[in-house]
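Here is the file my_file_12.cif (mmCIF, C-alpha atoms).
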```
data_structure
loop_
_atom_site.label_atom_id
_atom_site.label_comp_id
_atom_site.auth_asym_id
_atom_site.auth_seq_id
_atom_site.Cartn_x
_atom_site.Cartn_y
_atom_site.Cartn_z
CA MET A 62 0.00 0.00 0.00
CA SER A 63 1.56 3.22 -1.16
CA THR A 64 1.09 6.54 0.58
CA THR A 65 1.22 9.84 -1.29
CA THR A 66 2.57 12.70 0.75
CA THR A 67 1.97 16.33 -0.28
CA THR A 68 4.59 18.71 0.94
CA GLY A 69 4.24 22.48 1.03
CA PRO A 70 6.87 24.97 0.04
CA ALA A 71 10.07 24.99 1.96
CA PRO A 72 10.55 27.73 4.50
CA GLY A 73 11.69 30.93 2.81
CA GLN A 74 10.21 29.99 -0.54
CA ASP A 75 7.13 31.48 -2.17
CA ALA A 76 4.09 29.36 -2.78
CA PRO A 77 3.59 28.28 -6.36
CA PRO A 78 1.06 30.36 -8.25
CA ALA A 79 -2.46 29.05 -8.31
CA PRO A 80 -3.74 27.79 -11.62
CA ALA A 81 -5.49 30.45 -13.58
CA GLY A 82 -9.20 29.96 -13.80
CA PRO A 83 -11.43 30.87 -16.67
CA SER A 84 -11.22 34.58 -17.30
CA ARG A 85 -14.39 36.63 -17.03
CA PRO A 86 -14.91 39.51 -19.36
CA GLY A 87 -14.64 42.76 -17.41
CA ARG A 88 -17.49 45.18 -17.38
CA VAL A 89 -16.92 48.44 -19.22
CA ARG A 90 -18.12 51.27 -17.07
CA ARG A 91 -19.85 53.86 -19.15
CA ALA A 92 -19.21 57.44 -18.23
CA ARG A 93 -22.32 59.17 -17.03
CA PRO A 94 -23.30 62.17 -19.10
CA ASN A 95 -22.61 65.46 -17.39
CA LEU A 96 -26.02 67.03 -17.72
CA VAL A 97 -25.09 70.15 -15.76
CA GLY A 98 -21.96 70.73 -17.85
CA GLY A 99 -23.87 70.16 -21.08
CA LEU A 100 -26.60 72.55 -20.04
CA GLY A 101 -24.05 75.19 -19.06
CA ALA A 102 -22.22 74.77 -22.38
CA GLY A 103 -25.51 75.15 -24.25
CA VAL A 104 -26.41 78.30 -22.37
CA TRP A 105 -22.94 79.75 -22.98
CA PHE A 106 -23.21 78.92 -26.70
CA VAL A 107 -26.51 80.79 -26.91
CA VAL A 108 -25.08 83.76 -25.02
CA VAL A 109 -22.17 83.99 -27.46
CA ALA A 110 -23.91 82.98 -30.70
CA VAL A 111 -26.98 85.25 -30.51
CA PRO A 112 -25.03 88.56 -30.36
CA LEU A 113 -22.73 87.39 -33.16
CA TYR A 114 -25.72 86.40 -35.28
CA PHE A 115 -27.36 89.76 -34.61
CA LEU A 116 -24.20 91.68 -35.45
CA LEU A 117 -23.44 89.79 -38.66
CA VAL A 118 -26.97 89.56 -40.08
CA THR A 119 -28.04 93.07 -39.14
CA SER A 120 -25.00 94.60 -40.86
CA PHE A 121 -26.25 93.21 -44.20
CA ARG A 122 -29.84 94.39 -43.72
CA ALA A 123 -31.58 97.45 -45.01
CA SER A 124 -32.80 99.86 -42.38
CA SER A 125 -36.44 99.45 -43.44
CA ASP A 126 -36.25 95.64 -43.14
CA TYR A 127 -34.72 95.91 -39.67
CA LEU A 128 -37.57 98.11 -38.44
CA SER A 129 -40.33 95.98 -39.96
CA ASP A 130 -39.07 92.42 -39.31
CA GLY A 131 -37.38 92.74 -35.93
CA PRO A 132 -33.76 92.35 -34.83
CA LEU A 133 -33.54 88.52 -34.76
CA ALA A 134 -35.76 87.68 -37.74
CA VAL A 135 -34.28 85.85 -40.72
CA PRO A 136 -33.66 88.53 -43.36
CA SER A 137 -35.49 88.29 -46.65
CA GLY A 138 -32.68 90.01 -48.52
CA LEU A 139 -29.08 91.05 -47.90
CA THR A 140 -27.29 94.20 -49.04
CA THR A 141 -23.79 95.62 -48.81
CA ASP A 142 -24.92 99.25 -48.90
CA ASN A 143 -24.15 99.66 -45.20
CA TYR A 144 -20.50 98.72 -45.69
CA LEU A 145 -20.17 100.96 -48.73
CA GLU A 146 -21.57 103.91 -46.79
CA VAL A 147 -19.23 103.25 -43.86
CA LEU A 148 -16.15 102.99 -46.06
CA THR A 149 -16.98 106.21 -47.93
CA SER A 150 -17.36 108.18 -44.69
CA ASN A 151 -14.64 109.27 -42.23
CA PHE A 152 -14.36 105.69 -40.95
CA PRO A 153 -11.01 105.00 -42.74
CA ARG A 154 -9.44 108.03 -41.01
CA TYR A 155 -10.71 106.90 -37.61
CA PHE A 156 -9.47 103.40 -38.33
CA LEU A 157 -6.00 104.68 -39.21
CA ASN A 158 -5.87 106.77 -36.02
CA ASN A 159 -6.78 103.68 -34.02
CA VAL A 160 -4.03 101.68 -35.67
CA LEU A 161 -1.46 104.39 -34.92
CA VAL A 162 -2.54 104.66 -31.29
CA ALA A 163 -2.56 100.89 -30.70
CA ALA A 164 0.80 100.33 -32.45
CA ALA A 165 2.49 103.18 -30.58
CA CYS A 166 1.13 102.00 -27.20
CA VAL A 167 2.29 98.43 -27.82
CA ALA A 168 5.76 99.62 -28.87
CA ILE A 169 6.18 101.85 -25.80
CA VAL A 170 4.99 99.17 -23.37
CA LEU A 171 7.18 96.44 -24.86
CA VAL A 172 10.29 98.62 -24.89
CA LEU A 173 9.85 99.73 -21.26
CA ALA A 174 8.35 96.61 -19.68
CA LEU A 175 11.03 94.11 -20.72
CA PRO A 176 14.05 95.90 -19.16
CA ALA A 177 11.98 96.70 -16.05
CA ALA A 178 10.94 93.06 -15.60
CA TYR A 179 14.52 91.90 -16.21
CA ALA A 180 15.81 94.24 -13.52
CA ILE A 181 13.10 93.14 -11.08
CA VAL A 182 13.86 89.45 -11.56
CA ARG A 183 17.68 89.60 -11.58
CA SER A 184 18.52 92.59 -9.38
CA ARG A 185 18.87 92.33 -5.60
CA SER A 186 18.80 96.07 -5.01
CA ARG A 187 16.37 97.46 -2.48
CA TRP A 188 15.62 100.39 -4.76
CA VAL A 189 14.48 98.06 -7.53
CA ALA A 190 12.18 96.24 -5.11
CA ARG A 191 10.73 99.52 -3.88
CA GLY A 192 10.27 100.73 -7.44
CA PHE A 193 8.37 97.55 -8.24
CA THR A 194 6.13 98.14 -5.23
CA VAL A 195 5.38 101.68 -6.40
CA LEU A 196 4.70 100.38 -9.89
CA LEU A 197 2.18 97.88 -8.52
CA LEU A 198 0.21 100.77 -7.06
CA GLY A 199 -0.67 101.68 -10.62
CA LEU A 200 -2.90 98.60 -10.75
CA ALA A 201 -5.07 100.05 -7.99
CA VAL A 202 -5.48 103.54 -9.48
CA PRO A 203 -8.37 103.83 -11.97
CA ALA A 204 -8.07 106.24 -14.87
CA GLN A 205 -11.21 108.08 -13.80
CA ALA A 206 -9.52 109.11 -10.53
CA VAL A 207 -6.69 110.99 -12.26
CA ILE A 208 -8.40 112.28 -15.38
CA VAL A 209 -8.52 115.91 -14.14
CA PRO A 210 -4.78 116.13 -13.23
CA LEU A 211 -4.01 114.29 -16.45
CA TYR A 212 -6.01 116.84 -18.43
CA LEU A 213 -4.08 119.69 -16.80
CA MET A 214 -0.73 118.01 -17.56
CA VAL A 215 -1.66 117.42 -21.20
CA THR A 216 -2.75 121.01 -21.70
CA GLN A 217 0.39 122.36 -20.00
CA LEU A 218 2.54 120.21 -22.30
CA ARG A 219 0.57 121.49 -25.32
CA LEU A 220 -0.41 117.96 -26.31
CA TYR A 221 -4.16 118.49 -26.25
CA ASP A 222 -5.93 117.44 -29.45
CA THR A 223 -3.05 115.23 -30.58
CA LEU A 224 -2.64 111.48 -30.78
CA LEU A 225 0.12 111.68 -28.16
CA ALA A 226 -2.51 112.81 -25.67
CA ILE A 227 -4.12 109.38 -26.11
CA ILE A 228 -0.97 107.29 -26.55
CA LEU A 229 1.02 108.35 -23.49
CA PRO A 230 -1.69 107.88 -20.81
CA THR A 231 -2.87 104.60 -22.35
CA ALA A 232 0.66 103.20 -22.36
CA ALA A 233 1.27 104.42 -18.82
CA PHE A 234 -1.81 102.64 -17.46
CA ALA A 235 -0.94 99.45 -19.36
CA LEU A 236 2.66 99.36 -18.08
CA PRO A 237 2.09 98.00 -14.51
CA LEU A 238 0.21 94.91 -15.68
CA ALA A 239 2.76 94.34 -18.43
CA VAL A 240 5.64 94.37 -15.94
CA VAL A 241 3.81 91.90 -13.66
CA VAL A 242 3.14 89.46 -16.50
CA LEU A 243 6.67 89.71 -17.86
CA SER A 244 8.19 89.26 -14.40
CA SER A 245 6.30 85.99 -13.99
CA SER A 246 7.46 84.89 -17.44
CA LEU A 247 11.13 85.69 -16.79
CA ARG A 248 11.13 83.79 -13.49
CA ASP A 249 10.63 80.59 -15.49
CA ILE A 250 14.05 81.03 -17.13
CA PRO A 251 16.60 78.83 -15.27
CA GLY A 252 19.27 80.75 -13.40
CA GLU A 253 21.95 78.49 -14.91
CA LEU A 254 21.39 80.13 -18.28
CA PHE A 255 22.13 83.56 -16.84
CA GLU A 256 25.24 82.24 -15.10
CA ALA A 257 26.46 80.59 -18.30
CA ALA A 258 25.96 83.81 -20.24
CA VAL A 259 27.91 85.79 -17.62
CA LEU A 260 30.75 83.24 -17.68
CA ASP A 261 30.93 83.66 -21.45
CA GLY A 262 31.57 87.36 -20.91
CA ALA A 263 28.12 88.71 -21.74
CA GLY A 264 27.10 91.93 -20.03
CA PRO A 265 23.59 92.81 -18.86
CA GLY A 266 22.63 94.31 -22.20
CA ARG A 267 23.91 91.31 -24.12
CA VAL A 268 22.06 88.93 -21.80
CA LEU A 269 18.87 90.93 -22.26
CA VAL A 270 19.06 90.86 -26.06
CA SER A 271 20.50 87.39 -26.66
CA LEU A 272 18.91 85.38 -23.85
CA VAL A 273 15.94 87.12 -22.29
CA LEU A 274 14.35 88.50 -25.44
CA PRO A 275 14.00 85.15 -27.30
CA LEU A 276 12.76 83.29 -24.22
CA ALA A 277 10.24 86.00 -23.28
CA ARG A 278 8.28 85.86 -26.52
CA PRO A 279 5.12 84.32 -24.97
CA GLY A 280 5.03 87.02 -22.30
CA LEU A 281 5.71 89.76 -24.84
CA ALA A 282 2.90 88.47 -27.06
CA THR A 283 0.55 88.42 -24.08
CA ILE A 284 1.16 91.99 -23.00
CA GLY A 285 1.18 93.10 -26.63
CA ILE A 286 -2.31 91.70 -27.18
CA PHE A 287 -3.66 93.10 -23.92
CA THR A 288 -2.17 96.53 -24.59
CA ALA A 289 -3.54 96.56 -28.13
CA LEU A 290 -7.01 95.67 -26.84
CA GLN A 291 -6.89 98.39 -24.22
CA ALA A 292 -5.70 101.00 -26.72
CA TRP A 293 -8.14 99.91 -29.43
CA ASN A 294 -11.17 100.07 -27.14
CA GLY A 295 -10.12 103.16 -25.19
CA PHE A 296 -12.87 105.73 -24.73
CA LEU A 297 -12.14 107.96 -21.73
CA PHE A 298 -8.81 109.45 -22.88
CA PRO A 299 -9.97 110.19 -26.46
CA LEU A 300 -13.18 111.73 -25.10
CA VAL A 301 -11.50 114.07 -22.61
CA LEU A 302 -8.13 114.78 -24.23
CA THR A 303 -9.14 115.25 -27.89
CA GLN A 304 -11.76 117.24 -29.73
CA ASP A 305 -10.68 117.68 -33.35
CA ALA A 306 -12.18 115.25 -35.88
CA SER A 307 -8.75 114.71 -37.48
CA VAL A 308 -7.48 112.85 -34.37
CA ARG A 309 -10.75 111.08 -33.58
CA VAL A 310 -10.58 107.31 -33.01
CA LEU A 311 -13.15 104.60 -33.68
CA THR A 312 -14.76 104.59 -30.26
CA LEU A 313 -15.74 108.22 -30.77
CA GLY A 314 -16.18 108.01 -34.54
CA LEU A 315 -19.03 105.53 -34.20
CA TRP A 316 -21.17 108.41 -32.95
CA ASP A 317 -21.07 109.85 -36.48
CA PHE A 318 -23.44 107.11 -37.63
CA GLN A 319 -26.11 108.11 -35.12
CA GLY A 320 -28.59 110.68 -36.35
CA GLN A 321 -30.11 113.49 -34.36
CA TYR A 322 -33.59 111.97 -34.30
CA GLY A 323 -32.88 108.30 -34.83
CA THR A 324 -30.29 105.58 -35.11
CA ASN A 325 -29.49 103.54 -38.22
CA VAL A 326 -28.78 100.25 -36.47
CA PRO A 327 -27.66 98.26 -39.57
CA LEU A 328 -25.19 101.04 -40.43
CA ILE A 329 -23.74 101.08 -36.90
CA THR A 330 -23.42 97.28 -36.78
CA ALA A 331 -21.50 97.35 -40.07
CA ALA A 332 -19.08 99.90 -38.61
CA VAL A 333 -18.74 97.90 -35.40
CA LEU A 334 -18.05 94.69 -37.31
CA LEU A 335 -15.34 96.37 -39.38
CA SER A 336 -13.74 97.75 -36.22
CA LEU A 337 -13.68 94.26 -34.64
CA LEU A 338 -11.91 92.51 -37.51
CA PRO A 339 -8.35 93.64 -36.58
CA LEU A 340 -8.80 92.46 -32.98
CA LEU A 341 -10.03 89.09 -34.19
CA VAL A 342 -7.04 88.70 -36.51
CA VAL A 343 -4.57 89.65 -33.78
CA TYR A 344 -6.14 87.17 -31.36
CA LEU A 345 -6.15 84.31 -33.87
CA LEU A 346 -2.49 84.91 -34.72
CA GLY A 347 -1.31 85.24 -31.11
CA ARG A 348 -3.62 82.96 -29.13
CA ARG A 349 -0.92 80.30 -28.67
CA PHE A 350 1.52 82.82 -27.19
CA LEU A 351 -1.32 84.40 -25.20
CA LEU A 352 -2.12 81.14 -23.39
CA ALA A 353 1.57 80.42 -22.79
CA GLY A 354 2.13 83.87 -21.34
CA LEU A 355 -0.91 83.68 -19.06
CA THR A 356 0.28 80.38 -17.55
CA ALA A 357 3.88 81.57 -17.08
CA GLY A 358 4.98 81.20 -13.47
CA ALA A 359 1.82 79.25 -12.51
CA GLY A 360 3.86 76.27 -11.31
CA ARG A 361 5.89 78.28 -8.84
#
```
Is it possible to express this structure as structure tokens?
Amino acid sequence: MSTTTTTGPAPGQDAPPAPAGPSRPGRVRRARPNLVGGLGAGVWFVVVAVPLYFLLVTSFRASSDYLSDGPLAVPSGLTTDNYLEVLTSNFPRYFLNNVLVAAACVAIVLVLALPAAYAIVRSRSRWVARGFTVLLLGLAVPAQAVIVPLYLMVTQLRLYDTLLAIILPTAAFALPLAVVVLSSSLRDIPGELFEAAVLDGAGPGRVLVSLVLPLARPGLATIGIFTALQAWNGFLFPLVLTQDASVRVLTLGLWDFQGQYGTNVPLITAAVLLSLLPLLVVYLLGRRFLLAGLTAGAGR
């Protein structure tokens, strides 16, 4: 009579793996639809799409059709007479003035903000830190609070009724935010790169041009877009500091399309749509740099 003895694993050894049983197909968990998120997205789409539809369709309508059919009705016929009337008015002059103001403001802010941000990030001087603190106070001062002293300064400098009366204050109020954004962008540059440039014999100016300027392109694009938007849509400074029609900008020039006893809504919407096209083009070209500049320094 034979006896079969089953022995377990020796001490210190792992047990043999159990035989694999028949595999069961796993259940695929379906993601539950986010009803709240879908509803919010739908509401946001309506909020954005309806004004765009109104602006685009109304600009191609005749004034009589707009008054008889209603603002959101599907037009029975489209016309380009509104755009022809806008382009044959003083709109091109106002448009050119806006371009000059926006381009000059962007140039001034970029030229001044980059060296200031570079000094704030790399300098250890107490005076630089105090200057940055004073500069930050500009974020808390609204333009309406200083418009009267600003008017007196502009008139004393004999700049009233000139484009410089719009350019200089607009650039000054855009500078604090530009320095803050650029400072956050420059802090993402590793310090080893600055040390390597100094060891190669580069001075501060050379480091600024050869190292900081190429790496700060996202931040520069961000502040350029924001400054251009602020200058393009500015209303208070052109209203108070200018009066002559030759230096009028778009925000004031749109009043020319409003009559004394009525308003030609299709004509105004055509002018508004033409004034929005440059901003749309700038945003589409610089949106990648805009997002990169806004997230600069977020991980610190």
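Among A:Ala233, A:Leu197, A:Leu243, A:Ala180, the residue with the shortest atom-to-atom distance to Gly266 in chain A, counting only C-alpha atoms, is A:Ala180.
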Please determine an axis-aligned box that encloses all atoms of range 314-319 of chain A listed in the file, with 6 Å added on each side, and express its centre and edge lengths in Å to one decimal as AutoDock Vina command-line options.
```
--center_x -21.1 --center_y 107.7 --center_z -35.3 --size_x 21.9 --size_y 16.3 --size_z 16.7
```
Self-check item: Residues selected by the PyMOL selection byres ((chain A and resi 123-132) around 12), written as a PyMOL selection string
Solution: chain A and resi 111-112+114-122+133-144+323-331
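Atom pair CA of Gly199 in chain A / CA of Val240 in chain A has a distance of 11.0 Å (rounded to one decimal).
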Enumerate, as a tab-separated table (two decimals) with C-alpha atoms, in the frame of the given file, the residues matched when the PyMOL selection byres ((chain A and resi 290) around 12) is run on the file above.
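Output (selection-v4.tsv):
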```
chain	number	residue	atom	x	y	z
A	159	ASN	CA	-6.78	103.68	-34.02
A	160	VAL	CA	-4.03	101.68	-35.67
A	162	VAL	CA	-2.54	104.66	-31.29
A	163	ALA	CA	-2.56	100.89	-30.70
A	164	ALA	CA	0.80	100.33	-32.45
A	166	CYS	CA	1.13	102.00	-27.20
A	167	VAL	CA	2.29	98.43	-27.82
A	231	THR	CA	-2.87	104.60	-22.35
A	232	ALA	CA	0.66	103.20	-22.36
A	235	ALA	CA	-0.94	99.45	-19.36
A	283	THR	CA	0.55	88.42	-24.08
A	284	ILE	CA	1.16	91.99	-23.00
A	285	GLY	CA	1.18	93.10	-26.63
A	286	ILE	CA	-2.31	91.70	-27.18
A	287	PHE	CA	-3.66	93.10	-23.92
A	288	THR	CA	-2.17	96.53	-24.59
A	289	ALA	CA	-3.54	96.56	-28.13
A	291	GLN	CA	-6.89	98.39	-24.22
A	292	ALA	CA	-5.70	101.00	-26.72
A	293	TRP	CA	-8.14	99.91	-29.43
A	294	ASN	CA	-11.17	100.07	-27.14
A	295	GLY	CA	-10.12	103.16	-25.19
A	296	PHE	CA	-12.87	105.73	-24.73
A	336	SER	CA	-13.74	97.75	-36.22
A	337	LEU	CA	-13.68	94.26	-34.64
A	339	PRO	CA	-8.35	93.64	-36.58
A	340	LEU	CA	-8.80	92.46	-32.98
A	341	LEU	CA	-10.03	89.09	-34.19
A	342	VAL	CA	-7.04	88.70	-36.51
A	343	VAL	CA	-4.57	89.65	-33.78
A	344	TYR	CA	-6.14	87.17	-31.36
```
Quiz item: Applied to the shown file, which residues does the PyMOL selection byres ((chain A and resi 204) around 12) return, written as a ChimeraX atom specification?
Solution: /A:199-203,205-212,230-235,295-298,301
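The two atoms in question, CA of Val273 in chain A and CA of Gly192 in chain A, are spaced 20.9 Å apart.
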Quiz prompt | Pick from A:Leu161, A:Met214, A:Ile169, A:Ala226, whichever lies nearest to Gln304 in chain A using all atoms listed in the file | solution = A:Ala226
Quiz item: Leaving out Ala277 in chain A and any residue of its chain fewer than 3 positions from it, which residues lie within 7 Å of it when counting all atoms listed in the file, given as a PyMOL selection string?
Solution: chain A and resi 246-247+273-274+280-281
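Closest approach to Val241 in chain A from the set A:Pro275, A:Leu196, A:Asp261, A:Gly101 is made by A:Leu196, with distances taken over all atoms listed in the file.
Straight-line separation from CA of Glu256 in chain A to CA of Val170 in chain A: 27.7 Å.
Proximity ranking of A:Leu100, A:Leu220, A:Leu148, A:Val182 relative to Ala332 in chain A places A:Leu148 first, based on all atoms listed in the file.
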